[in-house]
file entry_11.cif (mmCIF, C-alpha atoms)
data_work
loop_
_atom_site.label_atom_id
_atom_site.label_comp_id
_atom_site.auth_asym_id
_atom_site.auth_seq_id
_atom_site.Cartn_x
_atom_site.Cartn_y
_atom_site.Cartn_z
CA MET A 1 0.00 0.00 0.00
CA ARG A 2 1.21 3.46 -0.92
CA LYS A 3 2.28 5.81 1.88
CA MET A 4 -0.04 8.74 2.67
CA PRO A 5 1.02 12.24 1.56
CA SER A 6 2.81 14.06 4.35
CA ARG A 7 2.43 17.79 3.68
CA HIS A 8 -0.45 19.75 5.26
CA ILE A 9 -2.00 22.93 4.00
CA ASP A 10 -1.44 26.10 6.04
CA ILE A 11 -3.00 26.24 9.53
CA ASN A 12 -4.46 29.69 8.68
CA ALA A 13 -6.80 27.82 6.36
CA VAL A 14 -8.94 27.01 9.41
CA LYS A 15 -9.51 30.74 10.11
CA TYR A 16 -10.08 31.40 6.41
CA TRP A 17 -12.75 28.67 6.16
CA ARG A 18 -14.40 29.91 9.36
CA TYR A 19 -14.72 33.45 8.01
CA LYS A 20 -15.95 32.10 4.68
CA SER A 21 -18.60 30.05 6.50
CA ILE A 22 -19.66 33.08 8.55
CA ILE A 23 -20.20 35.05 5.32
CA HIS A 24 -22.18 32.19 3.75
CA SER A 25 -24.27 31.79 6.91
CA PHE A 26 -25.03 35.51 6.93
CA PHE A 27 -26.42 35.31 3.39
CA LEU A 28 -28.42 32.19 4.30
CA LEU A 29 -29.96 34.09 7.21
CA ILE A 30 -30.90 36.95 4.87
CA ILE A 31 -32.68 34.45 2.61
CA LEU A 32 -34.34 32.88 5.64
CA THR A 33 -35.54 36.32 6.78
CA ALA A 34 -37.08 36.88 3.36
CA CYS A 35 -38.81 33.50 3.67
CA TYR A 36 -40.15 34.53 7.08
CA PHE A 37 -41.75 37.66 5.65
CA ALA A 38 -43.07 35.71 2.65
CA ALA A 39 -44.62 33.20 5.07
CA ARG A 40 -46.36 36.00 6.96
CA ILE A 41 -47.68 37.56 3.73
CA TRP A 42 -48.94 34.28 2.26
CA ASP A 43 -49.96 32.81 5.61
CA TRP A 44 -47.68 29.75 5.54
CA PRO A 45 -47.46 27.55 8.65
CA GLN A 46 -44.89 28.84 11.17
CA TRP A 47 -43.34 25.39 11.67
CA ILE A 48 -41.83 25.59 8.17
CA ILE A 49 -39.92 28.74 9.07
CA MET A 50 -38.86 27.33 12.46
CA ALA A 51 -37.62 24.12 10.80
CA LEU A 52 -35.65 26.16 8.24
CA LEU A 53 -34.22 28.33 11.01
CA GLY A 54 -33.16 25.28 13.03
CA LEU A 55 -31.59 23.64 10.00
CA THR A 56 -29.77 26.84 9.04
CA LEU A 57 -28.39 27.33 12.55
CA ALA A 58 -27.27 23.69 12.83
CA LEU A 59 -25.57 23.94 9.43
CA ALA A 60 -23.92 27.23 10.37
CA ILE A 61 -22.61 25.83 13.66
CA PHE A 62 -21.17 22.77 11.91
CA ASN A 63 -19.64 24.82 9.06
CA ILE A 64 -18.13 27.47 11.33
CA PHE A 65 -16.88 25.46 14.31
CA PHE A 66 -16.28 21.87 13.18
CA LYS A 67 -15.83 21.56 9.41
CA PRO A 68 -12.71 23.79 9.00
CA GLY A 69 -10.68 21.73 11.49
CA ILE A 70 -11.81 18.46 9.95
CA ILE A 71 -10.90 19.64 6.45
CA TRP A 72 -7.49 20.86 7.62
CA ARG A 73 -6.68 17.55 9.38
CA ASN A 74 -7.61 15.54 6.29
CA TRP A 75 -6.07 17.66 3.51
CA ARG A 76 -2.61 16.36 2.58
CA TYR A 77 -0.45 16.58 -0.51
CA ASP A 78 2.97 15.61 -1.83
CA VAL A 79 4.86 16.57 -4.96
CA THR A 80 7.54 14.27 -6.37
CA GLU A 81 9.39 14.19 -9.67
CA GLN A 82 6.88 11.72 -11.11
CA GLU A 83 3.52 12.80 -9.65
CA ILE A 84 1.38 15.03 -7.45
CA ASP A 85 -0.43 13.13 -4.68
CA LEU A 86 -3.59 14.73 -3.21
CA PHE A 87 -5.63 13.32 -0.30
CA TYR A 88 -8.74 15.09 1.02
CA GLY A 89 -12.35 14.71 2.08
CA ILE A 90 -14.59 14.81 5.14
CA PHE A 91 -16.91 11.82 4.90
CA ILE A 92 -15.74 10.49 1.55
CA LYS A 93 -11.96 10.47 1.27
CA LYS A 94 -10.46 11.09 -2.17
CA ARG A 95 -6.95 10.33 -3.31
CA THR A 96 -5.80 11.78 -6.61
CA LEU A 97 -2.50 11.01 -8.31
CA ILE A 98 -1.56 13.40 -11.10
CA PRO A 99 1.36 12.23 -13.26
CA MET A 100 3.77 15.08 -14.06
CA VAL A 101 3.57 14.22 -17.76
CA ARG A 102 -0.16 15.15 -17.66
CA VAL A 103 0.32 18.62 -16.12
CA GLN A 104 -0.44 21.31 -18.70
CA HIS A 105 -0.09 24.41 -16.57
CA VAL A 106 -0.08 25.56 -12.94
CA ASP A 107 -1.69 28.71 -11.52
CA THR A 108 -2.01 30.39 -8.14
CA GLU A 109 -5.34 31.97 -7.20
CA GLN A 110 -6.09 34.48 -4.47
CA GLY A 111 -9.38 36.19 -3.70
CA PRO A 112 -9.87 39.03 -1.21
CA LEU A 113 -10.48 36.73 1.76
CA LEU A 114 -7.48 34.52 0.92
CA ARG A 115 -5.37 37.68 0.49
CA HIS A 116 -6.43 38.86 3.96
CA PHE A 117 -4.97 35.66 5.46
CA ASP A 118 -1.88 35.68 3.16
CA LEU A 119 -3.02 32.45 1.51
CA SER A 120 -3.21 31.24 -2.09
CA THR A 121 -4.64 28.24 -3.91
CA VAL A 122 -2.54 26.29 -6.40
CA SER A 123 -4.50 25.08 -9.46
CA ILE A 124 -3.04 22.25 -11.51
CA SER A 125 -4.58 21.85 -14.97
CA THR A 126 -4.53 18.60 -16.91
CA ALA A 127 -6.52 17.36 -19.89
CA ALA A 128 -8.86 15.64 -17.41
CA GLY A 129 -9.63 18.85 -15.50
CA THR A 130 -8.31 21.15 -12.81
CA HIS A 131 -7.10 20.01 -9.39
CA LYS A 132 -6.57 22.44 -6.52
CA ILE A 133 -4.43 22.56 -3.42
CA PRO A 134 -6.26 25.14 -1.29
CA ALA A 135 -5.08 27.64 1.29
CA LEU A 136 -1.30 27.48 1.16
CA SER A 137 0.78 30.36 2.45
CA ASP A 138 1.76 32.74 -0.35
CA ASN A 139 5.44 31.73 -0.22
CA VAL A 140 4.68 28.00 -0.25
CA ALA A 141 2.12 28.38 -3.05
CA SER A 142 4.53 30.38 -5.18
CA SER A 143 7.43 27.97 -4.72
CA LEU A 144 5.13 24.95 -5.24
CA ARG A 145 3.77 26.46 -8.47
CA ASP A 146 7.31 27.06 -9.74
CA ALA A 147 8.48 23.58 -8.68
CA ILE A 148 5.55 21.81 -10.37
CA SER A 149 6.05 23.89 -13.50
CA GLU A 150 9.75 23.03 -13.57
CA LEU A 151 9.14 19.31 -12.93
CA ALA A 152 6.45 19.16 -15.62
CA ARG A 153 8.82 20.87 -18.08
CA VAL A 154 11.66 18.43 -17.25
CA VAL A 155 9.37 15.41 -17.68
CA ASP A 156 8.05 16.83 -20.94
CA GLU A 157 11.60 17.31 -22.29
CA ASP A 158 12.54 13.74 -21.34
CA VAL A 159 9.62 12.23 -23.29
#
call {"tool": "encode", "arguments": {"input": "entry_11.cif", "output": "structure tokens"}}
result
Amino acid sequence: MRKMPSRHIDINAVKYWRYKSIIHSFFLLIILTACYFAARIWDWPQWIIMALLGLTLALAIFNIFFKPGIIWRNWRYDVTEQEIDLFYGIFIKKRTLIPMVRVQHVDTEQGPLLRHFDLSTVSISTAAGTHKIPALSDNVASSLRDAISELARVVDEDV
């Protein structure tokens, strides 16, 4: 059996995912508030709104307090001369091996919230699709992007 990847993503990813979940929960509560007023206008049963409120709060609590730590503990990656090994998932674990010969290009992405936490996401494009290593520190993401690009170029020249 193959050894598990050993590198973790940045610990600041937990804070980033918490803030992201807070923002998503805020918008869900706005939608729920609109549903509450729609229920009062159209005389819907109050239990529907209470059930939606309970579900929204339970989902928000899970997404803000528990999910970020679980994701961080389970996200691992390794980069070797031959392949990129990704392991992630909460309930369903996924393991992806990307041969270096299949890498077409590598990008780093950074939105405003990632920028606030000095994090970037590395996107690896192949003919089969795009694979991402989320929430790496800017320095690690930049050096990883350059290393993957260099390794893919070396493998391509050897073929």
call {"tool": "closest_residue", "arguments": {"input": "entry_11.cif", "among": "A:Leu136, A:Val14, A:Leu144, A:Ile48", "to": "Pro68 in chain A", "atoms": "all atoms listed in the file"}}
result
A:Val14
call {"tool": "residues_around", "arguments": {"input": "entry_11.cif", "residues": "Arg73 in chain A", "least_positions_apart": "3", "cutoff": "9 Å", "atoms": "only C-alpha atoms", "output": "MDAnalysis selection string"}}
result
chainID A and resid 8:9 68:70 76 88
call {"tool": "write_last_selection", "arguments": {"input": "entry_11.cif", "atoms": "C-alpha atoms", "output": "CSV table (one decimal), in the frame of the given file"}}
result
chain,number,residue,atom,x,y,z
A,8,HIS,CA,-0.4,19.8,5.3
A,9,ILE,CA,-2.0,22.9,4.0
A,68,PRO,CA,-12.7,23.8,9.0
A,69,GLY,CA,-10.7,21.7,11.5
A,70,ILE,CA,-11.8,18.5,10.0
A,76,ARG,CA,-2.6,16.4,2.6
A,88,TYR,CA,-8.7,15.1,1.0
call {"tool": "residues_around", "arguments": {"input": "entry_11.cif", "residues": "Ser6 in chain A", "least_positions_apart": "4", "cutoff": "10 Å", "atoms": "only C-alpha atoms", "output": "ChimeraX atom specification"}}
result
/A:75-79,85-87
call {"tool": "resolve_selection", "arguments": {"input": "entry_11.cif", "expression": "the PyMOL selection byres ((chain A and resi 146-155) around 10)", "output": "CSV table (one decimal) with C-alpha atoms, in the coordinates of the input"}}
result
chain,number,residue,atom,x,y,z
A,79,VAL,CA,4.9,16.6,-5.0
A,80,THR,CA,7.5,14.3,-6.4
A,81,GLU,CA,9.4,14.2,-9.7
A,82,GLN,CA,6.9,11.7,-11.1
A,83,GLU,CA,3.5,12.8,-9.6
A,84,ILE,CA,1.4,15.0,-7.4
A,99,PRO,CA,1.4,12.2,-13.3
A,100,MET,CA,3.8,15.1,-14.1
A,101,VAL,CA,3.6,14.2,-17.8
A,102,ARG,CA,-0.2,15.2,-17.7
A,103,VAL,CA,0.3,18.6,-16.1
A,104,GLN,CA,-0.4,21.3,-18.7
A,105,HIS,CA,-0.1,24.4,-16.6
A,106,VAL,CA,-0.1,25.6,-12.9
A,107,ASP,CA,-1.7,28.7,-11.5
A,124,ILE,CA,-3.0,22.2,-11.5
A,140,VAL,CA,4.7,28.0,-0.2
A,141,ALA,CA,2.1,28.4,-3.0
A,142,SER,CA,4.5,30.4,-5.2
A,143,SER,CA,7.4,28.0,-4.7
A,144,LEU,CA,5.1,25.0,-5.2
A,145,ARG,CA,3.8,26.5,-8.5
A,156,ASP,CA,8.0,16.8,-20.9
A,157,GLU,CA,11.6,17.3,-22.3
A,158,ASP,CA,12.5,13.7,-21.3
A,159,VAL,CA,9.6,12.2,-23.3
call {"tool": "resolve_selection", "arguments": {"input": "entry_11.cif", "expression": "the PyMOL selection byres ((chain A and resi 17-33) around 12)", "output": "CSV table (one decimal) with C-alpha atoms, keeping the file's coordinate frame"}}
result
chain,number,residue,atom,x,y,z
A,10,ASP,CA,-1.4,26.1,6.0
A,11,ILE,CA,-3.0,26.2,9.5
A,12,ASN,CA,-4.5,29.7,8.7
A,13,ALA,CA,-6.8,27.8,6.4
A,14,VAL,CA,-8.9,27.0,9.4
A,15,LYS,CA,-9.5,30.7,10.1
A,16,TYR,CA,-10.1,31.4,6.4
A,34,ALA,CA,-37.1,36.9,3.4
A,35,CYS,CA,-38.8,33.5,3.7
A,36,TYR,CA,-40.2,34.5,7.1
A,37,PHE,CA,-41.8,37.7,5.6
A,38,ALA,CA,-43.1,35.7,2.6
A,39,ALA,CA,-44.6,33.2,5.1
A,40,ARG,CA,-46.4,36.0,7.0
A,48,ILE,CA,-41.8,25.6,8.2
A,49,ILE,CA,-39.9,28.7,9.1
A,50,MET,CA,-38.9,27.3,12.5
A,51,ALA,CA,-37.6,24.1,10.8
A,52,LEU,CA,-35.6,26.2,8.2
A,53,LEU,CA,-34.2,28.3,11.0
A,54,GLY,CA,-33.2,25.3,13.0
A,55,LEU,CA,-31.6,23.6,10.0
A,56,THR,CA,-29.8,26.8,9.0
A,57,LEU,CA,-28.4,27.3,12.6
A,58,ALA,CA,-27.3,23.7,12.8
A,59,LEU,CA,-25.6,23.9,9.4
A,60,ALA,CA,-23.9,27.2,10.4
A,61,ILE,CA,-22.6,25.8,13.7
A,62,PHE,CA,-21.2,22.8,11.9
A,63,ASN,CA,-19.6,24.8,9.1
A,64,ILE,CA,-18.1,27.5,11.3
A,65,PHE,CA,-16.9,25.5,14.3
A,66,PHE,CA,-16.3,21.9,13.2
A,67,LYS,CA,-15.8,21.6,9.4
A,68,PRO,CA,-12.7,23.8,9.0
A,69,GLY,CA,-10.7,21.7,11.5
A,70,ILE,CA,-11.8,18.5,10.0
A,71,ILE,CA,-10.9,19.6,6.4
A,72,TRP,CA,-7.5,20.9,7.6
A,111,GLY,CA,-9.4,36.2,-3.7
A,112,PRO,CA,-9.9,39.0,-1.2
A,113,LEU,CA,-10.5,36.7,1.8
A,114,LEU,CA,-7.5,34.5,0.9
A,116,HIS,CA,-6.4,38.9,4.0
A,117,PHE,CA,-5.0,35.7,5.5
A,119,LEU,CA,-3.0,32.4,1.5
A,134,PRO,CA,-6.3,25.1,-1.3
A,135,ALA,CA,-5.1,27.6,1.3
call {"tool": "residues_around", "arguments": {"input": "entry_11.cif", "residues": "His131 in chain A", "least_positions_apart": "4", "cutoff": "9 Å", "atoms": "only C-alpha atoms", "output": "number ranges by chain"}}
result
A: 86, 96, 98, 122-126
call {"tool": "atom_distance", "arguments": {"input": "entry_11.cif", "atom1": "CA of Phe91 in chain A", "atom2": "CA of Lys132 in chain A"}}
result
18.7 Å
call {"tool": "axis_aligned_box", "arguments": {"input": "entry_11.cif", "around": "range 31-34 of chain A", "padding_each_side": "5 Å", "output": "lines of an AutoDock Vina configuration file"}}
result
center_x = -34.9
center_y = 34.9
center_z = 4.7
size_x = 14.4
size_y = 14.0
size_z = 14.2
call {"tool": "atom_distance", "arguments": {"input": "entry_11.cif", "atom1": "CA of Gln110 in chain A", "atom2": "CA of Arg7 in chain A"}}
result
20.4 Å
call {"tool": "closest_residue", "arguments": {"input": "entry_11.cif", "among": "A:Asn139, A:Thr121, A:Asn74, A:Gln46", "to": "Lys94 in chain A", "atoms": "only C-alpha atoms"}}
result
A:Asn74
call {"tool": "atom_distance", "arguments": {"input": "entry_11.cif", "atom1": "CA of Asp138 in chain A", "atom2": "CA of Arg95 in chain A"}}
result
24.2 Å
call {"tool": "build_atoms", "arguments": {"input": "entry_11.cif", "residues": "range 125-157 of chain A", "atoms": "N, CA and C atoms", "output": "PDB file, keeping the file's coordinate frame"}}
result
ATOM      1  N   SER A 125      -3.711  22.204 -13.839  1.00  0.00           N
ATOM      2  CA  SER A 125      -4.580  21.850 -14.970  1.00  0.00           C
ATOM      3  C   SER A 125      -4.002  20.697 -15.754  1.00  0.00           C
ATOM      4  N   THR A 126      -4.871  19.732 -16.052  1.00  0.00           N
ATOM      5  CA  THR A 126      -4.530  18.600 -16.910  1.00  0.00           C
ATOM      6  C   THR A 126      -5.626  18.498 -17.962  1.00  0.00           C
ATOM      7  N   ALA A 127      -5.475  17.571 -18.886  1.00  0.00           N
ATOM      8  CA  ALA A 127      -6.520  17.360 -19.890  1.00  0.00           C
ATOM      9  C   ALA A 127      -7.801  16.854 -19.240  1.00  0.00           C
ATOM     10  N   ALA A 128      -7.699  16.190 -18.100  1.00  0.00           N
ATOM     11  CA  ALA A 128      -8.860  15.640 -17.410  1.00  0.00           C
ATOM     12  C   ALA A 128      -9.581  16.681 -16.553  1.00  0.00           C
ATOM     13  N   GLY A 129      -8.991  17.831 -16.316  1.00  0.00           N
ATOM     14  CA  GLY A 129      -9.630  18.850 -15.500  1.00  0.00           C
ATOM     15  C   GLY A 129      -8.625  19.605 -14.650  1.00  0.00           C
ATOM     16  N   THR A 130      -9.151  20.337 -13.684  1.00  0.00           N
ATOM     17  CA  THR A 130      -8.310  21.150 -12.810  1.00  0.00           C
ATOM     18  C   THR A 130      -8.368  20.586 -11.393  1.00  0.00           C
ATOM     19  N   HIS A 131      -7.221  20.491 -10.770  1.00  0.00           N
ATOM     20  CA  HIS A 131      -7.100  20.010  -9.390  1.00  0.00           C
ATOM     21  C   HIS A 131      -6.514  21.150  -8.574  1.00  0.00           C
ATOM     22  N   LYS A 132      -7.003  21.307  -7.340  1.00  0.00           N
ATOM     23  CA  LYS A 132      -6.570  22.440  -6.520  1.00  0.00           C
ATOM     24  C   LYS A 132      -6.001  21.979  -5.194  1.00  0.00           C
ATOM     25  N   ILE A 133      -4.966  22.689  -4.768  1.00  0.00           N
ATOM     26  CA  ILE A 133      -4.430  22.560  -3.420  1.00  0.00           C
ATOM     27  C   ILE A 133      -4.769  23.880  -2.737  1.00  0.00           C
ATOM     28  N   PRO A 134      -5.762  23.871  -1.840  1.00  0.00           N
ATOM     29  CA  PRO A 134      -6.260  25.140  -1.290  1.00  0.00           C
ATOM     30  C   PRO A 134      -5.430  25.659  -0.127  1.00  0.00           C
ATOM     31  N   ALA A 135      -5.523  26.966   0.072  1.00  0.00           N
ATOM     32  CA  ALA A 135      -5.080  27.640   1.290  1.00  0.00           C
ATOM     33  C   ALA A 135      -3.654  27.317   1.712  1.00  0.00           C
ATOM     34  N   LEU A 136      -2.720  27.563   0.817  1.00  0.00           N
ATOM     35  CA  LEU A 136      -1.300  27.480   1.160  1.00  0.00           C
ATOM     36  C   LEU A 136      -0.793  28.892   1.416  1.00  0.00           C
ATOM     37  N   SER A 137       0.221  29.027   2.248  1.00  0.00           N
ATOM     38  CA  SER A 137       0.780  30.360   2.450  1.00  0.00           C
ATOM     39  C   SER A 137       1.318  30.857   1.102  1.00  0.00           C
ATOM     40  N   ASP A 138       1.352  32.167   0.933  1.00  0.00           N
ATOM     41  CA  ASP A 138       1.760  32.740  -0.350  1.00  0.00           C
ATOM     42  C   ASP A 138       3.127  32.249  -0.804  1.00  0.00           C
ATOM     43  N   ASN A 139       4.081  32.178   0.129  1.00  0.00           N
ATOM     44  CA  ASN A 139       5.440  31.730  -0.220  1.00  0.00           C
ATOM     45  C   ASN A 139       5.441  30.270  -0.656  1.00  0.00           C
ATOM     46  N   VAL A 140       4.735  29.424   0.085  1.00  0.00           N
ATOM     47  CA  VAL A 140       4.680  28.000  -0.250  1.00  0.00           C
ATOM     48  C   VAL A 140       3.974  27.799  -1.583  1.00  0.00           C
ATOM     49  N   ALA A 141       2.870  28.515  -1.790  1.00  0.00           N
ATOM     50  CA  ALA A 141       2.120  28.380  -3.050  1.00  0.00           C
ATOM     51  C   ALA A 141       2.966  28.808  -4.239  1.00  0.00           C
ATOM     52  N   SER A 142       3.690  29.893  -4.093  1.00  0.00           N
ATOM     53  CA  SER A 142       4.530  30.380  -5.180  1.00  0.00           C
ATOM     54  C   SER A 142       5.662  29.401  -5.498  1.00  0.00           C
ATOM     55  N   SER A 143       6.326  28.918  -4.473  1.00  0.00           N
ATOM     56  CA  SER A 143       7.430  27.970  -4.720  1.00  0.00           C
ATOM     57  C   SER A 143       6.902  26.628  -5.222  1.00  0.00           C
ATOM     58  N   LEU A 144       5.725  26.196  -4.752  1.00  0.00           N
ATOM     59  CA  LEU A 144       5.130  24.950  -5.240  1.00  0.00           C
ATOM     60  C   LEU A 144       4.732  25.072  -6.701  1.00  0.00           C
ATOM     61  N   ARG A 145       4.136  26.219  -7.060  1.00  0.00           N
ATOM     62  CA  ARG A 145       3.770  26.460  -8.470  1.00  0.00           C
ATOM     63  C   ARG A 145       5.004  26.391  -9.350  1.00  0.00           C
ATOM     64  N   ASP A 146       6.078  27.060  -8.944  1.00  0.00           N
ATOM     65  CA  ASP A 146       7.310  27.060  -9.740  1.00  0.00           C
ATOM     66  C   ASP A 146       7.922  25.664  -9.810  1.00  0.00           C
ATOM     67  N   ALA A 147       7.900  24.923  -8.695  1.00  0.00           N
ATOM     68  CA  ALA A 147       8.480  23.580  -8.680  1.00  0.00           C
ATOM     69  C   ALA A 147       7.691  22.628  -9.584  1.00  0.00           C
ATOM     70  N   ILE A 148       6.366  22.681  -9.522  1.00  0.00           N
ATOM     71  CA  ILE A 148       5.550  21.810 -10.370  1.00  0.00           C
ATOM     72  C   ILE A 148       5.760  22.168 -11.835  1.00  0.00           C
ATOM     73  N   SER A 149       5.819  23.451 -12.124  1.00  0.00           N
ATOM     74  CA  SER A 149       6.050  23.890 -13.500  1.00  0.00           C
ATOM     75  C   SER A 149       7.399  23.378 -14.020  1.00  0.00           C
ATOM     76  N   GLU A 150       8.416  23.496 -13.190  1.00  0.00           N
ATOM     77  CA  GLU A 150       9.750  23.030 -13.570  1.00  0.00           C
ATOM     78  C   GLU A 150       9.777  21.506 -13.749  1.00  0.00           C
ATOM     79  N   LEU A 151       9.166  20.769 -12.822  1.00  0.00           N
ATOM     80  CA  LEU A 151       9.140  19.310 -12.930  1.00  0.00           C
ATOM     81  C   LEU A 151       8.346  18.856 -14.155  1.00  0.00           C
ATOM     82  N   ALA A 152       7.247  19.520 -14.444  1.00  0.00           N
ATOM     83  CA  ALA A 152       6.450  19.160 -15.620  1.00  0.00           C
ATOM     84  C   ALA A 152       7.242  19.447 -16.897  1.00  0.00           C
ATOM     85  N   ARG A 153       7.999  20.511 -16.904  1.00  0.00           N
ATOM     86  CA  ARG A 153       8.820  20.870 -18.080  1.00  0.00           C
ATOM     87  C   ARG A 153       9.930  19.839 -18.271  1.00  0.00           C
ATOM     88  N   VAL A 154      10.575  19.413 -17.172  1.00  0.00           N
ATOM     89  CA  VAL A 154      11.660  18.430 -17.250  1.00  0.00           C
ATOM     90  C   VAL A 154      11.122  17.106 -17.763  1.00  0.00           C
ATOM     91  N   VAL A 155       9.966  16.664 -17.242  1.00  0.00           N
ATOM     92  CA  VAL A 155       9.370  15.410 -17.680  1.00  0.00           C
ATOM     93  C   VAL A 155       8.984  15.492 -19.137  1.00  0.00           C
ATOM     94  N   ASP A 156       8.455  16.644 -19.563  1.00  0.00           N
ATOM     95  CA  ASP A 156       8.050  16.830 -20.940  1.00  0.00           C
ATOM     96  C   ASP A 156       9.249  16.780 -21.884  1.00  0.00           C
ATOM     97  N   GLU A 157      10.393  17.331 -21.461  1.00  0.00           N
ATOM     98  CA  GLU A 157      11.600  17.310 -22.290  1.00  0.00           C
ATOM     99  C   GLU A 157      12.168  15.897 -22.381  1.00  0.00           C
TER     100      GLU A 157
END
